[in-house]
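Raw contents of coords07.cif, mmCIF, C-alpha atoms and all ligand atoms:
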data_my_file
#
loop_
_atom_site.label_atom_id
_atom_site.label_comp_id
_atom_site.auth_asym_id
_atom_site.auth_seq_id
_atom_site.Cartn_x
_atom_site.Cartn_y
_atom_site.Cartn_z
CA THR A 268 -14.60 159.57 299.48
CA HIS A 269 -17.13 160.49 296.85
CA GLN A 270 -16.11 161.60 293.42
CA TRP A 271 -18.45 161.93 290.47
CA ARG A 272 -17.32 159.24 288.02
CA GLY A 273 -18.60 160.67 284.73
CA ILE A 274 -21.92 160.01 283.03
CA ILE A 275 -21.15 156.51 281.74
CA GLU A 276 -20.31 155.10 285.18
CA GLU A 277 -23.07 157.06 286.92
CA TYR A 278 -25.78 155.95 284.46
CA ARG A 279 -24.20 152.79 283.03
CA ASP A 280 -27.43 150.72 283.02
CA ARG A 281 -29.17 153.37 280.88
CA LEU A 282 -26.43 153.71 278.25
CA PRO A 283 -25.30 151.51 275.35
CA VAL A 284 -22.17 150.05 276.97
CA THR A 285 -21.14 146.61 278.21
CA ALA A 286 -18.78 145.54 281.00
CA ASP A 287 -16.01 145.28 278.38
CA THR A 288 -16.48 148.71 276.83
CA PRO A 289 -13.30 150.82 277.23
CA VAL A 290 -14.72 153.98 278.84
CA VAL A 291 -13.12 157.22 277.69
CA THR A 292 -14.03 159.93 280.18
CA LEU A 293 -13.01 163.27 281.66
CA ARG A 294 -15.62 162.79 284.42
CA GLU A 295 -18.15 164.97 282.63
CA GLY A 296 -21.65 165.65 283.96
CA GLY A 297 -22.63 166.12 287.57
CA THR A 298 -22.99 169.81 286.77
CA PRO A 299 -24.56 172.34 289.17
CA LEU A 300 -28.31 172.97 289.19
CA VAL A 301 -28.34 176.53 290.51
CA PRO A 302 -31.46 178.29 291.83
CA ALA A 303 -31.89 181.56 289.90
CA GLN A 304 -33.18 184.15 292.34
CA VAL A 305 -33.64 187.12 290.02
CA LEU A 306 -35.25 185.06 287.25
CA SER A 307 -37.55 183.46 289.81
CA GLU A 308 -38.66 186.88 291.06
CA ARG A 309 -39.19 188.17 287.53
CA THR A 310 -41.33 185.23 286.45
CA GLY A 311 -43.05 184.35 289.72
CA CYS A 312 -41.75 180.83 289.24
CA GLU A 313 -39.06 178.59 290.72
CA VAL A 314 -36.31 178.86 288.11
CA HIS A 315 -33.13 176.77 288.09
CA LEU A 316 -30.11 176.93 285.81
CA LYS A 317 -28.43 173.70 284.66
CA VAL A 318 -24.90 175.04 284.30
CA GLU A 319 -23.36 172.94 281.56
CA GLY A 320 -20.38 175.27 281.21
CA ALA A 321 -19.04 173.44 284.27
CA ASN A 322 -18.25 170.37 282.14
CA PRO A 323 -14.57 169.49 281.52
CA THR A 324 -14.29 171.28 278.17
CA GLY A 325 -16.85 173.93 279.12
CA SER A 326 -20.02 172.74 277.39
CA PHE A 327 -22.72 170.04 277.40
CA LYS A 328 -21.04 168.40 274.40
CA ASP A 329 -18.85 166.38 276.77
CA ARG A 330 -21.83 164.22 277.76
CA GLY A 331 -22.30 163.07 274.19
CA MET A 332 -18.62 162.96 273.41
CA THR A 333 -17.67 160.54 276.20
CA MET A 334 -20.21 158.14 274.63
CA ALA A 335 -19.21 158.79 271.02
CA ILE A 336 -15.46 158.45 271.59
CA THR A 337 -15.94 155.45 273.88
CA ARG A 338 -17.93 153.63 271.22
CA ALA A 339 -15.54 154.67 268.45
CA LYS A 340 -12.68 153.25 270.53
CA GLU A 341 -14.60 150.04 271.13
CA GLU A 342 -15.15 149.67 267.40
CA GLY A 343 -11.42 150.15 266.74
CA ALA A 344 -11.54 153.60 265.14
CA LYS A 345 -8.19 155.37 264.83
CA ALA A 346 -9.62 158.73 263.84
CA VAL A 347 -12.77 160.79 264.40
CA ILE A 348 -14.24 163.72 262.51
CA CYS A 349 -16.86 166.36 263.27
CA ALA A 350 -18.38 169.53 261.90
CA SER A 351 -18.74 172.21 264.53
CA THR A 352 -19.63 175.75 265.48
CA GLY A 353 -16.85 175.32 268.08
CA ASN A 354 -17.94 173.39 271.16
CA THR A 355 -18.26 169.97 269.56
CA SER A 356 -14.78 170.35 268.09
CA ALA A 357 -13.31 171.42 271.45
CA SER A 358 -14.89 168.39 273.12
CA ALA A 359 -14.00 165.92 270.36
CA ALA A 360 -10.39 167.15 270.40
CA ALA A 361 -10.04 166.62 274.16
CA TYR A 362 -11.68 163.17 274.26
CA ALA A 363 -9.67 162.06 271.21
CA VAL A 364 -6.51 162.85 273.18
CA ARG A 365 -7.74 160.62 276.02
CA ALA A 366 -8.46 157.83 273.53
CA GLY A 367 -5.20 158.19 271.61
CA MET A 368 -7.03 159.02 268.38
CA VAL A 369 -6.56 161.53 265.62
CA CYS A 370 -9.27 164.20 265.57
CA ALA A 371 -10.26 166.15 262.47
CA VAL A 372 -12.62 169.12 262.71
CA LEU A 373 -14.42 171.19 260.11
CA VAL A 374 -15.46 174.68 261.21
CA PRO A 375 -17.05 177.60 259.36
CA GLN A 376 -14.28 180.06 258.59
CA GLY A 377 -14.25 183.14 260.81
CA LYS A 378 -17.42 182.13 262.63
CA ILE A 379 -16.23 180.30 265.73
CA ALA A 380 -15.30 181.88 269.05
CA LEU A 381 -11.59 182.23 269.79
CA GLY A 382 -11.65 180.18 272.99
CA LYS A 383 -13.09 177.18 271.15
CA MET A 384 -10.53 177.43 268.36
CA GLY A 385 -7.83 177.59 271.05
CA GLN A 386 -9.14 174.40 272.65
CA ALA A 387 -9.13 172.43 269.39
CA LEU A 388 -5.62 173.70 268.63
CA VAL A 389 -4.09 172.99 272.03
CA HIS A 390 -5.53 169.46 272.03
CA GLY A 391 -3.82 168.87 268.70
CA ALA A 392 -6.84 168.52 266.40
CA ARG A 393 -6.44 168.83 262.64
CA ILE A 394 -8.56 171.83 261.82
CA LEU A 395 -9.98 172.76 258.44
CA GLN A 396 -11.74 176.10 258.17
CA VAL A 397 -14.40 175.65 255.55
CA ASP A 398 -15.46 178.43 253.22
CA GLY A 399 -19.12 177.92 254.15
CA ASN A 400 -21.44 177.68 257.14
CA PHE A 401 -22.00 174.90 259.72
CA ASP A 402 -24.49 173.11 257.49
CA ASP A 403 -21.85 172.91 254.72
CA CYS A 404 -19.31 171.60 257.26
CA LEU A 405 -21.73 168.84 258.34
CA THR A 406 -22.40 167.80 254.75
CA LEU A 407 -18.65 167.57 254.17
CA ALA A 408 -18.01 165.64 257.41
CA ARG A 409 -20.75 163.13 256.61
CA GLY A 410 -19.35 162.59 253.13
CA LEU A 411 -15.81 162.06 254.43
CA SER A 412 -16.95 159.58 257.09
CA GLU A 413 -18.79 157.55 254.44
CA LYS A 414 -15.78 157.32 252.13
CA TYR A 415 -12.79 157.20 254.51
CA PRO A 416 -11.87 155.32 257.71
CA VAL A 417 -12.93 158.05 260.14
CA ALA A 418 -15.84 157.94 262.63
CA LEU A 419 -18.38 160.78 262.63
CA VAL A 420 -18.98 162.16 266.15
CA ASN A 421 -21.65 164.75 265.38
CA SER A 422 -25.06 164.33 267.03
CA VAL A 423 -26.31 162.51 263.91
CA ASN A 424 -24.35 159.71 265.62
CA PRO A 425 -27.12 158.29 267.85
CA VAL A 426 -24.85 157.52 270.82
CA ARG A 427 -24.19 161.26 271.23
CA ILE A 428 -27.89 161.73 272.02
CA GLU A 429 -27.73 158.82 274.48
CA GLY A 430 -24.94 160.54 276.42
CA GLN A 431 -26.64 163.92 276.40
CA LYS A 432 -29.92 162.57 277.80
CA THR A 433 -28.16 162.12 281.17
CA ALA A 434 -28.58 165.84 281.89
CA ALA A 435 -32.33 165.23 282.23
CA PHE A 436 -31.63 162.33 284.62
CA GLU A 437 -29.47 164.59 286.80
CA ILE A 438 -32.21 167.22 286.97
CA VAL A 439 -34.86 164.73 288.07
CA ASP A 440 -32.41 163.16 290.53
CA ALA A 441 -31.76 166.61 292.02
CA LEU A 442 -35.34 167.92 292.11
CA GLY A 443 -37.09 164.66 292.95
CA ASP A 444 -39.30 164.93 289.86
CA ALA A 445 -39.32 166.49 286.40
CA PRO A 446 -39.87 170.27 286.22
CA ASP A 447 -43.01 171.75 284.64
CA ILE A 448 -41.05 173.38 281.83
CA HIS A 449 -37.58 172.78 280.44
CA VAL A 450 -36.06 175.57 278.37
CA LEU A 451 -33.01 175.32 276.11
CA PRO A 452 -31.26 176.86 273.10
CA VAL A 453 -31.71 175.05 269.78
CA GLY A 454 -29.05 174.86 267.08
CA ASN A 455 -28.60 171.50 265.39
CA ALA A 456 -31.42 170.30 267.70
CA GLY A 457 -29.56 167.34 269.20
CA ASN A 458 -29.80 168.53 272.78
CA ILE A 459 -33.56 169.13 272.88
CA THR A 460 -33.92 165.65 271.37
CA ALA A 461 -31.67 164.20 274.07
CA TYR A 462 -33.39 165.88 277.03
CA TRP A 463 -36.78 164.77 275.78
CA ARG A 464 -35.51 161.21 275.51
CA GLY A 465 -34.08 161.36 279.04
CA TYR A 466 -37.25 162.75 280.59
CA ARG A 467 -39.45 160.20 278.80
CA GLU A 468 -37.19 157.35 279.87
CA TYR A 469 -37.34 158.34 283.56
CA ALA A 470 -41.12 158.77 283.41
CA ALA A 471 -41.55 155.40 281.68
CA ASP A 472 -39.58 153.76 284.50
CA ALA A 473 -41.57 155.65 287.15
CA LEU A 474 -38.54 157.61 288.31
CA ALA A 475 -40.54 160.77 287.52
CA THR A 476 -44.30 161.28 287.72
CA ARG A 477 -44.43 163.42 284.57
CA THR A 478 -42.48 164.94 281.70
CA PRO A 479 -41.91 168.68 281.28
CA ARG A 480 -43.09 170.85 278.44
CA MET A 481 -40.05 171.37 276.21
CA TRP A 482 -39.39 174.97 275.18
CA GLY A 483 -36.66 175.51 272.58
CA PHE A 484 -35.34 178.84 271.34
CA GLN A 485 -33.46 179.55 268.13
CA ALA A 486 -31.69 182.81 267.26
CA ALA A 487 -33.97 184.93 265.07
CA GLY A 488 -31.48 185.04 262.17
CA SER A 489 -31.05 181.25 262.33
CA ALA A 490 -34.55 179.99 263.04
CA PRO A 491 -35.43 177.38 260.42
CA ILE A 492 -37.76 175.38 262.68
CA VAL A 493 -39.73 178.51 263.56
CA ARG A 494 -39.91 179.54 259.89
CA GLY A 495 -40.66 176.02 258.67
CA ALA A 496 -37.90 176.15 256.05
CA PRO A 497 -34.08 175.92 256.00
CA VAL A 498 -32.25 179.25 256.33
CA LEU A 499 -29.60 179.40 253.61
CA ASP A 500 -27.55 182.21 255.10
CA PRO A 501 -28.00 181.97 258.88
CA HIS A 502 -26.71 184.80 261.03
CA THR A 503 -26.55 185.65 264.74
CA ILE A 504 -23.92 186.82 267.22
CA ALA A 505 -24.56 183.51 269.02
CA THR A 506 -22.20 181.62 266.69
CA ALA A 507 -22.75 178.31 268.50
CA ILE A 508 -26.32 178.16 267.17
CA ARG A 509 -25.72 179.74 263.76
CA ILE A 510 -27.31 176.80 261.94
CA GLY A 511 -29.76 176.92 259.05
CA ASN A 512 -30.73 173.28 258.58
CA PRO A 513 -30.65 171.31 261.85
CA ALA A 514 -29.87 167.59 261.59
CA SER A 515 -32.38 166.68 264.33
CA TRP A 516 -35.13 168.99 263.04
CA LYS A 517 -37.83 166.29 263.06
CA PHE A 518 -36.90 165.06 266.55
CA ALA A 519 -37.06 168.63 267.87
CA GLU A 520 -40.58 168.99 266.46
CA GLU A 521 -41.51 165.67 268.08
CA ALA A 522 -40.19 166.87 271.44
CA ARG A 523 -42.20 170.07 271.06
CA ASP A 524 -45.42 168.36 270.00
CA GLU A 525 -45.35 165.33 272.31
CA SER A 526 -44.56 167.51 275.33
CA GLY A 527 -47.06 170.27 274.56
CA GLY A 528 -44.13 172.67 274.25
CA LEU A 529 -42.98 175.30 271.80
CA ILE A 530 -40.08 176.33 269.59
CA ASP A 531 -39.70 180.07 269.15
CA GLU A 532 -37.00 182.58 268.35
CA VAL A 533 -35.16 185.31 270.25
CA THR A 534 -33.32 188.28 268.75
CA ASP A 535 -29.61 188.91 269.25
CA ARG A 536 -30.58 191.89 271.40
CA GLN A 537 -32.69 189.65 273.67
CA ILE A 538 -29.87 187.09 273.81
CA LEU A 539 -27.32 189.72 274.88
CA ALA A 540 -29.69 191.19 277.48
CA ALA A 541 -30.15 187.73 279.02
CA TYR A 542 -26.37 187.13 278.79
CA ARG A 543 -25.71 190.31 280.80
CA LEU A 544 -28.48 189.56 283.30
CA LEU A 545 -27.09 186.08 283.97
CA ALA A 546 -23.58 187.43 284.59
CA SER A 547 -24.44 190.61 286.48
CA GLN A 548 -27.41 189.41 288.53
CA GLU A 549 -27.17 185.63 288.87
CA GLY A 550 -23.36 185.35 288.93
CA VAL A 551 -23.39 182.82 286.10
CA PHE A 552 -21.14 183.55 283.11
CA VAL A 553 -22.28 181.79 279.96
CA GLU A 554 -21.54 182.14 276.27
CA PRO A 555 -24.12 184.08 274.22
CA ALA A 556 -25.85 181.06 272.64
CA SER A 557 -26.48 179.65 276.12
CA ALA A 558 -28.42 182.75 277.08
CA ALA A 559 -31.02 182.01 274.37
CA SER A 560 -32.84 179.75 276.85
CA VAL A 561 -33.14 182.51 279.45
CA ALA A 562 -33.96 185.11 276.79
CA GLY A 563 -36.75 182.82 275.63
CA LEU A 564 -38.11 182.35 279.13
CA LEU A 565 -38.21 186.13 279.66
CA LYS A 566 -39.86 186.64 276.28
CA ALA A 567 -42.52 184.04 277.09
CA ALA A 568 -43.08 185.54 280.55
CA GLU A 569 -43.58 189.01 279.05
CA ALA A 570 -46.10 187.52 276.61
CA GLY A 571 -48.06 186.07 279.55
CA LEU A 572 -47.25 182.46 278.66
CA VAL A 573 -45.72 181.58 282.02
CA ASP A 574 -48.18 180.78 284.80
CA PRO A 575 -46.73 181.66 288.21
CA GLY A 576 -45.63 178.97 290.63
CA GLN A 577 -44.18 176.60 288.09
CA ARG A 578 -40.86 174.85 288.38
CA ILE A 579 -38.68 175.72 285.40
CA VAL A 580 -35.19 174.58 284.42
CA CYS A 581 -33.15 176.54 281.86
CA THR A 582 -30.10 174.81 280.45
CA VAL A 583 -27.19 177.20 279.97
CA THR A 584 -25.09 175.23 277.55
CA GLY A 585 -21.58 176.69 277.47
CA ASN A 586 -19.04 178.63 279.52
CA GLY A 587 -18.67 182.39 279.09
CA LEU A 588 -14.88 182.13 278.86
CA LYS A 589 -15.20 180.55 275.43
CA ASP A 590 -16.25 183.83 273.86
CA PRO A 591 -15.00 186.64 276.14
CA ASP A 592 -15.22 189.34 273.45
CA TRP A 593 -18.87 189.88 274.37
CA ALA A 594 -18.03 190.35 278.04
CA VAL A 595 -15.48 193.06 277.26
CA ALA A 596 -17.43 194.79 274.50
CA GLY A 597 -19.43 197.74 275.75
CA ALA A 598 -18.18 197.37 279.34
CA PRO A 599 -16.45 200.31 281.07
CA GLN A 600 -12.67 200.18 280.73
CA PRO A 601 -10.59 199.38 283.85
CA ILE A 602 -8.92 202.41 285.46
CA THR A 603 -5.13 202.49 285.92
CA VAL A 604 -3.85 203.78 289.27
CA PRO A 605 -0.45 204.25 290.94
CA VAL A 606 0.53 202.12 293.95
CA ASP A 607 -1.23 204.53 296.28
CA ALA A 608 -4.02 203.59 298.70
CA ALA A 609 -5.49 207.08 298.83
CA VAL A 610 -5.84 207.28 295.04
CA ALA A 611 -7.16 203.68 294.80
CA ALA A 612 -9.73 204.36 297.54
CA GLU A 613 -10.85 207.53 295.81
CA ARG A 614 -11.19 205.78 292.42
CA LEU A 615 -13.18 202.95 294.04
CA GLY A 616 -15.53 205.47 295.61
CA LEU A 617 -14.53 204.30 299.10
CA ALA A 618 -13.19 207.65 300.24
N1 LIG A 701 -25.44 176.03 273.00
C1 LIG A 701 -24.15 175.87 272.71
C2 LIG A 701 -23.15 176.56 273.56
C3 LIG A 701 -23.77 175.05 271.61
O1 LIG A 701 -22.47 174.91 271.33
C4 LIG A 701 -24.76 174.44 270.82
C5 LIG A 701 -24.40 173.62 269.67
C6 LIG A 701 -26.09 174.64 271.20
C7 LIG A 701 -26.41 175.43 272.27
C8 LIG A 701 -27.22 174.01 270.45
O2 LIG A 701 -27.31 172.65 270.72
O3 LIG A 701 -27.08 171.83 268.40
O4 LIG A 701 -27.88 170.34 270.21
O5 LIG A 701 -29.32 172.18 269.35
N2 LIG A 701 -23.23 173.54 269.20
C9 LIG A 701 -22.82 172.61 268.13
C10 LIG A 701 -21.31 172.62 267.99
C11 LIG A 701 -23.55 172.80 266.86
O6 LIG A 701 -20.79 172.35 266.90
O7 LIG A 701 -20.61 172.87 268.97
P1 LIG A 701 -27.94 171.68 269.61
#
Represent the supplied structure as structure tokens.
Ligand code: F0G
Amino acid sequence: THQWRGIIEEYRDRLPVTADTPVVTLREGGTPLVPAQVLSERTGCEVHLKVEGANPTGSFKDRGMTMAITRAKEEGAKAVICASTGNTSASAAAYAVRAGMVCAVLVPQGKIALGKMGQALVHGARILQVDGNFDDCLTLARGLSEKYPVALVNSVNPVRIEGQKTAAFEIVDALGDAPDIHVLPVGNAGNITAYWRGYREYAADALATRTPRMWGFQAAGSAPIVRGAPVLDPHTIATAIRIGNPASWKFAEEARDESGGLIDEVTDRQILAAYRLLASQEGVFVEPASAASVAGLLKAAEAGLVDPGQRIVCTVTGNGLKDPDWAVAGAPQPITVPVDAAVAAERLGLA
């Protein structure tokens, strides 16, 4: 019998663990790489979606968190802390349960999706809603981890990046080589950093013949890298990437420049259009921030930047169930019917 063992066991020789490391896992990773038929037709390319919402807590954060919590456990930590726009806190809370640790999370008040708050709560995290944005939460979390006995599990912790690079390995393992272009949303910029590291590592070891161009997309109201300056009051409906001063800013620019890629922005309207297209035409339900990658690909294609025939992977970072308000908003209301086949058939347009 074959069961995916989680990213640490599957890629053990490429991760900072030893035979004695106590692995804390929910068997994350091994997520689907789904061919995207409609996006392929629209762009004239071969487009695939790396569906990271299929991870145990519903986002790519689990790849980094299995590493971060494993290493914290190894070092004897009793408590972990993170700042989060929601997904990191959901993941940290779940993995802390597995490790028998206390988990503290700092989130921007009123700006995280309900599903993510529910996850942190049900896993028993200690939640502080901070009167500020994500960047303020991260400053506070860093300060607390320096002064008190609590391990920081944000992506400024380098082992998080190590775990997250495994998504690039999986893509090359599935496709047989690196794609021409890899597209992903950018918030705190840890994930673009991690993918670039993963692709470079495989190419250096001749497991891929090349590295892809890295294309990152920020939300237009939260696009500090595009603007070249921190955004003091970031805004976007894609709360997961509502970040004005990314911790891995420099690494994201390195990934862009070394790969011959780009970092651009997409509007909330473009994000929501891509979100609806993914759900209604590809059958893949993601949270709004995740759709920034696909929105960016479509924007670039419309601008003539996408040569036909290329192989393109878009990471969709989180599950749509985390933020269902956007699925319900603007959709037609369900119709109520009596227990009557004739009426039901008529309402369904079958009769
Ligand atoms: N997509 C989703 C669904 C996210 O939750 C995040 C980040 C990103 C994209 C951006 O990734 O930060 O590595 O550039 N969420 C973090 C959090 C900030 O706290 O959950 P990034």
Check your understanding: A:Gly597, A:Gly410, A:Pro425, A:Gly587: which is nearest ligand LIG 701 (chain A), counting only C-alpha atoms and all ligand atoms?
Key ->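 When distances to ligand LIG 701 (chain A) are compared using only C-alpha atoms and all ligand atoms, the smallest one comes from A:Gly587.
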Please write out the residues within 8 Å of ligand LIG 701 (chain A) as a VMD selection string, counting all atoms listed in the file. chain A and resid 326 to 328 350 to 357 401 421 to 422 451 to 460 507 to 510 513 554 to 557 583 to 586
The distance between CA of Asp524 in chain A and CA of Val450 in chain A is 14.5 Å
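The residue set within 9 Å of range 532-534 of chain A, counting only C-alpha atoms and dropping same-chain residues fewer than 6 places from it, reads Gly483, Phe484, Gln485, Ala486, Ala487, Gly488, Ser489, Ala490, Val493, Thr503, Ala559, Ser560, Ala562, Gly563 and Lys566 of chain A.
For the residues A:Ala286, A:Gly325, A:Leu405, A:Gly576, ranking by smallest atom-to-atom distance to Gln386 in chain A using only C-alpha atoms places A:Gly325 first.
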Query raised in the report: By how many Å are CA of Ala321 in chain A and CA of Ala303 in chain A apart?
Result: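 A separation of 16.2 Å between them.
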Using only C-alpha atoms, the shortest atom-to-atom distance to Val580 in chain A among A:Asn512, A:Ser358, A:Ser307, A:Asn424 belongs to A:Ser307
What does the distance from CA of Glu468 in chain A to CA of Pro323 in chain A come to in Å, to one decimal?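 CA of Pro323 in chain A lies at a distance of 25.7 Å from CA of Glu468 in chain A.
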Could you please fill out range 331-362 of chain A with N, CA and C atoms and send it back as a short mmCIF file (atom, residue, chain, number, x, y, z; two decimals), in the frame of the given file?
data_model
loop_
_atom_site.label_atom_id
_atom_site.label_comp_id
_atom_site.auth_asym_id
_atom_site.auth_seq_id
_atom_site.Cartn_x
_atom_site.Cartn_y
_atom_site.Cartn_z
N GLY A 331 -22.16 163.88 275.40
CA GLY A 331 -22.30 163.07 274.19
C GLY A 331 -20.96 162.54 273.72
N MET A 332 -19.92 163.34 273.96
CA MET A 332 -18.62 162.96 273.41
C MET A 332 -17.99 161.79 274.16
N THR A 333 -18.20 161.70 275.47
CA THR A 333 -17.67 160.54 276.20
C THR A 333 -18.27 159.26 275.61
N MET A 334 -19.57 159.30 275.26
CA MET A 334 -20.21 158.14 274.63
C MET A 334 -19.67 157.89 273.23
N ALA A 335 -19.59 158.96 272.43
CA ALA A 335 -19.21 158.79 271.02
C ALA A 335 -17.77 158.28 270.89
N ILE A 336 -16.87 158.85 271.69
CA ILE A 336 -15.46 158.45 271.59
C ILE A 336 -15.26 157.06 272.21
N THR A 337 -16.00 156.78 273.28
CA THR A 337 -15.94 155.45 273.88
C THR A 337 -16.35 154.38 272.87
N ARG A 338 -17.45 154.62 272.19
CA ARG A 338 -17.93 153.63 271.22
C ARG A 338 -17.02 153.54 270.00
N ALA A 339 -16.48 154.69 269.58
CA ALA A 339 -15.54 154.67 268.45
C ALA A 339 -14.30 153.84 268.80
N LYS A 340 -13.84 154.00 270.04
CA LYS A 340 -12.68 153.25 270.53
C LYS A 340 -12.99 151.75 270.54
N GLU A 341 -14.18 151.44 271.06
CA GLU A 341 -14.60 150.04 271.13
C GLU A 341 -14.64 149.40 269.75
N GLU A 342 -15.04 150.20 268.76
CA GLU A 342 -15.15 149.67 267.40
C GLU A 342 -13.81 149.72 266.65
N GLY A 343 -12.76 150.18 267.32
CA GLY A 343 -11.42 150.15 266.74
C GLY A 343 -11.07 151.35 265.87
N ALA A 344 -11.84 152.41 265.96
CA ALA A 344 -11.54 153.60 265.14
C ALA A 344 -10.20 154.20 265.55
N LYS A 345 -9.47 154.69 264.55
CA LYS A 345 -8.19 155.37 264.83
C LYS A 345 -8.34 156.88 264.71
N ALA A 346 -9.43 157.30 264.07
CA ALA A 346 -9.62 158.73 263.84
C ALA A 346 -11.10 159.08 263.90
N VAL A 347 -11.39 160.29 264.37
CA VAL A 347 -12.77 160.79 264.40
C VAL A 347 -12.83 162.13 263.67
N ILE A 348 -14.05 162.45 263.21
CA ILE A 348 -14.24 163.72 262.51
C ILE A 348 -15.56 164.35 262.97
N CYS A 349 -15.60 165.68 262.99
CA CYS A 349 -16.86 166.36 263.27
C CYS A 349 -16.90 167.70 262.55
N ALA A 350 -18.13 168.15 262.30
CA ALA A 350 -18.38 169.53 261.90
C ALA A 350 -18.77 170.25 263.17
N SER A 351 -18.42 171.55 263.27
CA SER A 351 -18.74 172.21 264.53
C SER A 351 -18.80 173.72 264.42
N THR A 352 -19.67 174.31 265.27
CA THR A 352 -19.63 175.75 265.48
C THR A 352 -18.66 176.07 266.63
N GLY A 353 -17.92 175.08 267.12
CA GLY A 353 -16.85 175.32 268.08
C GLY A 353 -16.83 174.39 269.28
N ASN A 354 -17.96 174.20 269.93
CA ASN A 354 -17.94 173.39 271.16
C ASN A 354 -17.77 171.90 270.91
N THR A 355 -18.43 171.39 269.89
CA THR A 355 -18.26 169.97 269.56
C THR A 355 -16.81 169.68 269.22
N SER A 356 -16.18 170.58 268.47
CA SER A 356 -14.78 170.35 268.09
C SER A 356 -13.86 170.41 269.30
N ALA A 357 -14.13 171.33 270.23
CA ALA A 357 -13.31 171.42 271.45
C ALA A 357 -13.43 170.12 272.24
N SER A 358 -14.65 169.61 272.36
CA SER A 358 -14.89 168.39 273.12
C SER A 358 -14.29 167.17 272.42
N ALA A 359 -14.55 167.06 271.12
CA ALA A 359 -14.00 165.92 270.36
C ALA A 359 -12.47 165.90 270.45
N ALA A 360 -11.86 167.07 270.36
CA ALA A 360 -10.39 167.15 270.40
C ALA A 360 -9.86 166.63 271.73
N ALA A 361 -10.51 167.03 272.83
CA ALA A 361 -10.04 166.62 274.16
C ALA A 361 -10.23 165.12 274.37
N TYR A 362 -11.41 164.59 274.03
CA TYR A 362 -11.68 163.17 274.26
C TYR A 362 -10.84 162.30 273.32
#
